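Enquirer: My file is entry39.cif. It has mmCIF, C-alpha atoms:
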```cif
data_work
loop_
_atom_site.label_atom_id
_atom_site.label_comp_id
_atom_site.auth_asym_id
_atom_site.auth_seq_id
_atom_site.Cartn_x
_atom_site.Cartn_y
_atom_site.Cartn_z
CA MET A 1 0.00 0.00 0.00
CA LYS A 2 2.91 2.35 0.83
CA ARG A 3 4.40 1.71 -2.60
CA ILE A 4 1.02 2.35 -4.26
CA SER A 5 0.54 5.56 -2.27
CA LEU A 6 4.08 6.73 -3.12
CA LEU A 7 3.54 5.92 -6.79
CA THR A 8 0.22 7.79 -6.76
CA LEU A 9 1.85 10.87 -5.22
CA LEU A 10 4.63 10.78 -7.82
CA ILE A 11 2.07 10.58 -10.63
CA LEU A 12 0.11 13.51 -9.12
CA PHE A 13 3.23 15.69 -8.75
CA SER A 14 4.33 14.79 -12.29
CA GLY A 15 0.88 15.64 -13.63
CA MET A 16 0.91 18.98 -11.81
CA ALA A 17 4.37 19.80 -13.21
CA ILE A 18 3.26 18.87 -16.72
CA CYS A 19 0.12 20.98 -16.34
CA GLN A 20 2.22 23.95 -15.21
CA ASP A 21 4.47 23.52 -18.25
CA ILE A 22 1.43 23.34 -20.54
CA VAL A 23 0.03 26.51 -18.99
CA LYS A 24 3.38 28.30 -19.43
CA VAL A 25 3.58 27.20 -23.08
CA ALA A 26 -0.01 28.29 -23.69
CA LYS A 27 0.65 31.69 -22.13
CA ALA A 28 3.81 32.09 -24.21
CA LYS A 29 1.86 31.22 -27.37
CA ASP A 30 -0.85 33.73 -26.42
CA GLU A 31 1.78 36.43 -25.85
CA ILE A 32 3.47 35.68 -29.20
CA SER A 33 0.09 35.63 -30.94
CA ALA A 34 -0.84 38.93 -29.29
CA ASP A 35 2.45 40.48 -30.39
CA ILE A 36 1.87 39.27 -33.96
CA LYS A 37 -1.69 40.60 -33.98
CA ASP A 38 -0.50 43.88 -32.50
CA THR A 39 2.11 44.21 -35.26
CA VAL A 40 -0.26 43.18 -38.05
CA LYS A 41 -3.04 45.59 -37.06
CA HIS A 42 -0.71 48.54 -37.63
CA TRP A 43 -0.19 47.58 -41.30
CA TYR A 44 -2.62 48.50 -44.05
CA LEU A 45 -2.22 46.62 -47.34
CA ASP A 46 -4.12 47.51 -50.49
CA GLY A 47 -3.54 46.49 -54.08
CA ASN A 48 -5.00 46.25 -57.53
CA ALA A 49 -3.97 44.19 -60.57
CA SER A 50 -5.55 44.28 -64.02
CA LEU A 51 -5.07 42.75 -67.45
CA ASN A 52 -6.85 44.59 -70.28
CA PHE A 53 -7.38 43.53 -73.89
CA THR A 54 -8.16 45.42 -77.10
CA GLN A 55 -8.74 43.85 -80.53
CA ALA A 56 -9.90 44.91 -83.99
CA ALA A 57 -10.18 42.96 -87.26
CA PHE A 58 -11.13 44.08 -90.79
CA SER A 59 -11.95 42.21 -93.98
CA ASN A 60 -12.89 44.04 -97.20
CA TRP A 61 -13.83 47.04 -95.05
CA SER A 62 -14.60 49.93 -97.40
CA SER A 63 -13.83 52.63 -94.81
CA GLY A 64 -10.36 51.19 -94.24
CA GLY A 65 -8.67 50.10 -91.03
CA GLN A 66 -5.83 48.06 -89.60
CA ASN A 67 -6.06 44.82 -87.66
CA SER A 68 -4.81 45.31 -84.11
CA LEU A 69 -4.32 43.31 -80.95
CA GLY A 70 -3.46 45.02 -77.68
CA LEU A 71 -2.63 44.00 -74.15
CA THR A 72 -2.09 46.28 -71.16
CA THR A 73 -1.36 45.32 -67.57
CA PHE A 74 -1.32 47.38 -64.38
CA PHE A 75 -0.18 46.57 -60.85
CA ASN A 76 -0.49 48.90 -57.88
CA MET A 77 0.19 48.09 -54.24
CA LYS A 78 0.29 50.13 -51.04
CA ALA A 79 1.85 48.93 -47.78
CA ASN A 80 1.39 51.49 -45.01
CA TYR A 81 2.42 51.22 -41.35
CA LYS A 82 1.08 53.42 -38.56
CA LYS A 83 1.78 53.17 -34.84
CA GLY A 84 1.69 56.04 -32.39
CA ARG A 85 3.45 59.01 -33.94
CA HIS A 86 5.29 56.91 -36.52
CA ALA A 87 4.03 56.36 -40.08
CA TRP A 88 5.70 54.63 -43.01
CA GLY A 89 4.10 54.54 -46.45
CA ASN A 90 5.21 52.49 -49.46
CA THR A 91 3.73 52.44 -52.97
CA ILE A 92 4.63 50.39 -56.04
CA ASP A 93 3.00 51.39 -59.33
CA LEU A 94 3.79 49.33 -62.44
CA GLY A 95 2.33 49.30 -65.93
CA TYR A 96 3.19 47.83 -69.32
CA GLY A 97 1.34 47.36 -72.57
CA GLY A 98 1.55 47.27 -76.34
CA ASN A 99 -0.28 46.84 -79.63
CA ILE A 100 0.37 44.84 -82.76
CA LEU A 101 -0.89 46.79 -85.80
CA GLY A 102 -1.44 45.16 -89.17
CA LYS A 103 -1.14 41.50 -90.07
CA GLY A 104 1.37 39.07 -91.47
CA LYS A 105 4.73 40.53 -92.50
CA ASP A 106 3.34 44.07 -92.16
CA ALA A 107 2.51 43.64 -88.47
CA MET A 108 4.27 46.23 -86.30
CA PRO A 109 4.52 45.98 -82.51
CA THR A 110 4.23 49.32 -80.70
CA LYS A 111 4.48 50.14 -77.01
CA THR A 112 1.46 51.91 -75.49
CA ASN A 113 2.38 52.00 -71.80
CA ASP A 114 5.58 51.59 -69.76
CA LYS A 115 5.86 52.69 -66.14
CA ILE A 116 7.84 51.94 -63.00
CA GLU A 117 7.25 54.13 -59.96
CA ILE A 118 8.26 53.37 -56.38
CA THR A 119 7.66 55.70 -53.44
CA THR A 120 8.60 55.33 -49.78
CA ALA A 121 8.03 57.93 -47.07
CA TYR A 122 8.63 57.97 -43.30
CA GLY A 123 6.67 60.45 -41.22
CA TYR A 124 6.72 61.48 -37.58
CA SER A 125 3.67 63.20 -36.12
CA LEU A 126 4.44 66.57 -34.54
CA LYS A 127 2.01 65.79 -31.74
CA LYS A 128 -0.37 62.99 -30.81
CA ASP A 129 -3.21 62.51 -33.31
CA SER A 130 -1.91 65.42 -35.42
CA LYS A 131 -2.69 65.45 -39.14
CA TRP A 132 0.72 67.00 -39.85
CA LEU A 133 3.84 64.83 -40.05
CA LEU A 134 7.51 65.67 -40.49
CA THR A 135 8.36 63.49 -43.52
CA VAL A 136 11.32 62.14 -45.44
CA LEU A 137 10.25 61.00 -48.93
CA VAL A 138 12.04 59.15 -51.76
CA ASN A 139 10.49 58.60 -55.19
CA LEU A 140 11.91 56.72 -58.20
CA ARG A 141 10.31 56.80 -61.66
CA THR A 142 11.48 55.12 -64.88
CA GLN A 143 10.42 52.52 -67.48
CA PHE A 144 11.00 48.85 -68.32
CA SER A 145 12.21 48.84 -71.92
CA ALA A 146 13.25 50.94 -74.92
CA GLY A 147 10.85 53.39 -76.54
CA TYR A 148 10.95 54.30 -80.23
CA ASN A 149 9.91 57.22 -82.39
CA TYR A 150 7.07 55.31 -84.09
CA PRO A 151 6.55 54.52 -86.93
CA ASP A 152 10.37 54.51 -86.88
CA ASP A 153 11.05 51.38 -84.79
CA SER A 154 14.85 51.57 -85.02
CA THR A 155 15.61 54.90 -83.33
CA VAL A 156 15.62 54.62 -79.53
CA ILE A 157 14.33 57.78 -77.82
CA SER A 158 14.08 56.40 -74.24
CA ASN A 159 15.11 53.32 -72.26
CA PHE A 160 15.38 51.86 -68.76
CA MET A 161 16.75 54.63 -66.47
CA SER A 162 16.94 56.82 -69.58
CA PRO A 163 15.33 58.82 -68.25
CA GLY A 164 15.16 57.83 -64.61
CA TYR A 165 14.02 60.36 -62.02
CA LEU A 166 14.97 60.15 -58.35
CA ILE A 167 13.52 62.67 -55.89
CA ALA A 168 14.52 62.75 -52.22
CA GLY A 169 13.68 65.41 -49.70
CA ILE A 170 12.44 66.40 -46.27
CA GLY A 171 9.20 68.26 -45.69
CA PHE A 172 5.74 68.04 -44.17
CA THR A 173 2.77 65.79 -44.94
CA TYR A 174 -0.83 66.81 -44.30
CA ALA A 175 -3.14 63.79 -44.10
CA PRO A 176 -6.66 64.86 -43.09
CA VAL A 177 -8.25 61.56 -44.19
CA LYS A 178 -7.06 58.04 -45.02
CA TRP A 179 -7.63 58.41 -48.76
CA PHE A 180 -5.79 61.71 -49.31
CA TYR A 181 -2.48 63.35 -48.39
CA ILE A 182 -0.34 66.23 -49.63
CA TYR A 183 3.42 66.42 -49.19
CA LEU A 184 5.18 69.80 -49.15
CA SER A 185 8.97 70.05 -49.32
CA PRO A 186 10.86 73.35 -49.53
CA ALA A 187 14.13 71.50 -50.16
CA SER A 188 14.28 68.39 -52.35
CA GLY A 189 16.95 67.06 -54.65
CA ARG A 190 16.01 65.65 -58.05
CA MET A 191 18.40 63.54 -60.09
CA THR A 192 17.78 62.79 -63.75
CA PHE A 193 19.60 59.68 -64.99
CA VAL A 194 20.32 58.85 -68.65
CA ILE A 195 22.43 55.69 -68.62
CA ASP A 196 21.88 54.88 -72.31
CA LYS A 197 25.14 56.07 -73.92
CA LYS A 198 23.62 57.21 -77.23
CA LEU A 199 20.98 59.23 -75.44
CA SER A 200 23.43 60.76 -72.94
CA ASP A 201 25.84 61.63 -75.79
CA SER A 202 22.99 63.50 -77.49
CA GLY A 203 22.18 65.47 -74.31
CA ALA A 204 18.70 64.00 -73.94
CA PHE A 205 16.41 64.87 -71.00
CA GLY A 206 18.52 67.81 -69.82
CA VAL A 207 21.86 66.10 -69.15
CA GLU A 208 25.01 67.61 -70.59
CA ARG A 209 26.33 65.78 -73.64
CA GLY A 210 28.35 62.75 -72.56
CA LYS A 211 27.14 62.87 -68.94
CA GLN A 212 24.61 60.54 -67.38
CA ILE A 213 23.31 62.56 -64.41
CA PHE A 214 21.68 65.95 -64.12
CA ALA A 215 21.10 67.30 -60.59
CA GLU A 216 18.46 69.84 -59.51
CA PHE A 217 17.46 71.29 -56.15
CA GLY A 218 14.17 72.95 -55.30
CA PRO A 219 10.66 72.81 -53.79
CA TYR A 220 8.55 69.72 -54.44
CA ILE A 221 4.81 69.15 -53.93
CA ARG A 222 3.02 65.82 -54.22
CA ALA A 223 -0.70 65.18 -53.74
CA ASP A 224 -2.06 61.63 -53.66
CA MET A 225 -5.68 60.44 -53.57
CA SER A 226 -7.24 56.97 -53.79
CA LYS A 227 -10.95 56.79 -53.01
CA ASP A 228 -13.90 54.50 -53.71
CA LEU A 229 -16.55 56.81 -55.17
CA SER A 230 -19.02 53.95 -54.87
CA LYS A 231 -18.95 50.18 -54.41
CA THR A 232 -17.95 49.74 -58.05
CA ILE A 233 -16.00 52.92 -58.90
CA ASN A 234 -12.50 53.83 -57.69
CA LEU A 235 -10.55 56.99 -58.47
CA ALA A 236 -6.77 57.11 -57.94
CA THR A 237 -4.73 60.15 -58.86
CA THR A 238 -1.29 61.61 -58.12
CA ALA A 239 -0.01 65.09 -58.99
CA GLU A 240 3.63 66.24 -58.64
CA PHE A 241 5.15 69.71 -59.04
CA PHE A 242 8.83 70.68 -58.97
CA THR A 243 10.95 73.71 -59.83
CA ASN A 244 14.70 74.22 -59.72
CA TYR A 245 16.23 76.84 -57.41
CA LEU A 246 19.53 76.68 -59.30
CA LYS A 247 18.31 77.31 -62.85
CA ASP A 248 15.15 78.77 -64.40
CA PHE A 249 13.36 79.02 -61.06
CA GLY A 250 9.61 79.27 -61.66
CA ASN A 251 9.54 76.86 -64.60
CA ILE A 252 7.38 74.18 -63.00
CA ASP A 253 7.68 70.52 -64.01
CA VAL A 254 4.33 68.70 -63.76
CA ASN A 255 3.52 65.00 -63.61
CA TRP A 256 -0.19 64.20 -63.14
CA SER A 257 -1.59 60.67 -63.48
CA LEU A 258 -5.16 59.47 -63.03
CA MET A 259 -6.85 56.07 -63.10
CA LEU A 260 -10.62 55.53 -62.97
CA THR A 261 -11.73 51.93 -62.48
CA LEU A 262 -15.31 50.69 -62.95
CA LYS A 263 -15.91 47.16 -61.69
CA VAL A 264 -18.46 45.10 -63.61
CA ASN A 265 -18.17 42.12 -61.25
CA LYS A 266 -15.54 40.49 -59.04
CA TRP A 267 -13.18 39.75 -61.94
CA LEU A 268 -14.19 42.08 -64.78
CA ALA A 269 -13.56 45.84 -64.87
CA ALA A 270 -13.13 48.77 -67.25
CA SER A 271 -10.46 51.39 -66.66
CA ILE A 272 -9.42 54.77 -68.03
CA THR A 273 -5.84 55.91 -67.41
CA THR A 274 -4.44 59.32 -68.25
CA GLN A 275 -1.06 60.99 -67.68
CA LEU A 276 -0.05 64.59 -68.28
CA ILE A 277 3.64 65.61 -68.17
CA TYR A 278 5.41 68.90 -68.65
CA ASP A 279 9.18 68.85 -68.16
CA ASP A 280 11.21 71.91 -69.12
CA ASN A 281 14.24 69.68 -69.79
CA THR A 282 12.51 67.23 -72.14
CA MET A 283 12.68 68.36 -75.74
CA VAL A 284 9.89 67.17 -78.04
CA LYS A 285 9.87 67.75 -81.80
CA TYR A 286 6.37 68.81 -82.84
CA SER A 287 6.93 68.54 -86.59
CA PRO A 288 9.86 67.98 -88.99
CA THR A 289 9.94 71.70 -89.84
CA GLU A 290 10.07 72.95 -86.22
CA ASP A 291 12.82 72.85 -83.64
CA ALA A 292 12.46 70.57 -80.61
CA GLY A 293 11.33 72.18 -77.36
CA PRO A 294 9.52 71.51 -74.08
CA ARG A 295 5.87 70.64 -74.67
CA THR A 296 2.87 69.33 -72.76
CA GLN A 297 2.74 65.55 -73.10
CA PHE A 298 -0.54 63.66 -72.70
CA LYS A 299 -1.42 59.97 -72.76
CA GLU A 300 -4.80 58.21 -72.45
CA LEU A 301 -5.54 54.48 -72.26
CA PHE A 302 -8.89 52.69 -72.07
CA GLY A 303 -9.16 49.01 -71.30
CA LEU A 304 -11.65 46.31 -70.46
CA GLY A 305 -10.47 43.09 -68.89
CA LEU A 306 -9.62 41.12 -65.81
CA ASN A 307 -9.23 42.97 -62.53
CA TYR A 308 -8.44 41.81 -59.02
CA LYS A 309 -8.40 43.98 -55.90
CA PHE A 310 -6.72 42.77 -52.72
#
```
Show this structure as structure tokens.

Expert:
Amino acid sequence: MKRISLLTLLILFSGMAICQDIVKVAKAKDEISADIKDTVKHWYLDGNASLNFTQAAFSNWSSGGQNSLGLTTFFNMKANYKKGRHAWGNTIDLGYGGNILGKGKDAMPTKTNDKIEITTAYGYSLKKDSKWLLTVLVNLRTQFSAGYNYPDDSTVISNFMSPGYLIAGIGFTYAPVKWFYIYLSPASGRMTFVIDKKLSDSGAFGVERGKQIFAEFGPYIRADMSKDLSKTINLATTAEFFTNYLKDFGNIDVNWSLMLTLKVNKWLAASITTQLIYDDNTMVKYSPTEDAGPRTQFKELFGLGLNYKF
């Protein structure tokens, strides 16, 4: 009986020790889970991906026309972190598309869209729950592949990082609502890169002939809005303004993009994308008889296709 009693006590003590260990492990798991949840809840992720198609075909069409097949894709993602007075925003905006005009041996591929834009910004609130933040912002904008002076498909007029624009500066962000903010910087540096040797040798995009970098310094303003106008309509737009303290101060460079998306159902959507650019350093030749000079550039794309929002 003594042995049985001793054995019973040992089993009870062992069980109690095991239970204590289980409780400790459970508490540790709860703490880890709470930490993970606490970290996750401060992140806001939002994204949109679309694949749009255009197509036209003609046969004995008296009014004339060219067969065409087009494909355009967009990808946009935001990853924003907010905790206490700290805020960190990140945006990736990508787009690429093209058309094939004609048929058979006469078919000519042309590029209709090409965009890489990455923005990251860290902000510190001046006081608790303030809508003003002291902000450091970095923005990079370029393209994926070579662009040509169509219908001339042999003369390259732009390329990856030719041009490439890098803006970095310190300023203030005013964010009154989640879907809109404006960034104001009195002192930002802008670097224009032209790494394509032929383009840099020709002095394209404002660089001196033979050089690959052109530096500017001046005030920079950026306004960003992304809002659901209804359950099926979303409007996203970004406008940027910059002028150079060091040369031709007051000549304002403008880059304004807009995308309106109309969802038909969960997977199908129509979109209209526009972009307006004015850059005092980008020379555009209006006609063969006129000299090249800075001009307002405008692009519009309409597409209907697959769309996924996450």

Enquirer: What is the CA of Ile116 (chain A)-CA of Leu258 (chain A) distance in Å, reported with one decimal?

Expert: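 We find that CA of Ile116 (chain A) and CA of Leu258 (chain A) lie 15.0 Å from each other.
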
Enquirer: Which residues would end up in the selection if the PyMOL selection byres ((chain A and resi 263-272) around 8) were applied here, given that I need the answer as a list in words?

Expert: Thr232, Ile233, Met259, Leu260, Thr261, Leu262, Thr273, Thr274, Glu300, Leu301, Phe302, Gly303, Leu304, Gly305, Leu306, Asn307 and Tyr308 of chain A

Enquirer: How many Å separate CA of Thr119 (chain A) from CA of Arg295 (chain A)?

Expert: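 Separation between CA of Thr119 (chain A) and CA of Arg295 (chain A): 26.0 Å.
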
Enquirer: Determine the nearest neighbour of Leu133 (chain A) from the options A:Lys198, A:Lys105, A:Lys82, A:Lys227, counting all atoms listed in the file.

Expert: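 Answer, going by the shortest atom-to-atom distance: A:Lys82.
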
Enquirer: Just the residues within 9 Å of region 157-170 of chain A, please, counting only C-alpha atoms, with nothing from its chain fewer than 6 positions along; format it as a PyMOL selection string.

Expert: chain A and resi 134-149+184-196+199-200+204-205+212+219-220

Enquirer: If the PyMOL selection byres ((chain A and resi 151) around 12) is run on the structure shown, which residues does it catch, given as JSON, numbers by chain?

Expert: {"A": [101, 107, 108, 109, 110, 111, 147, 148, 149, 150, 152, 153, 154, 155, 156]}
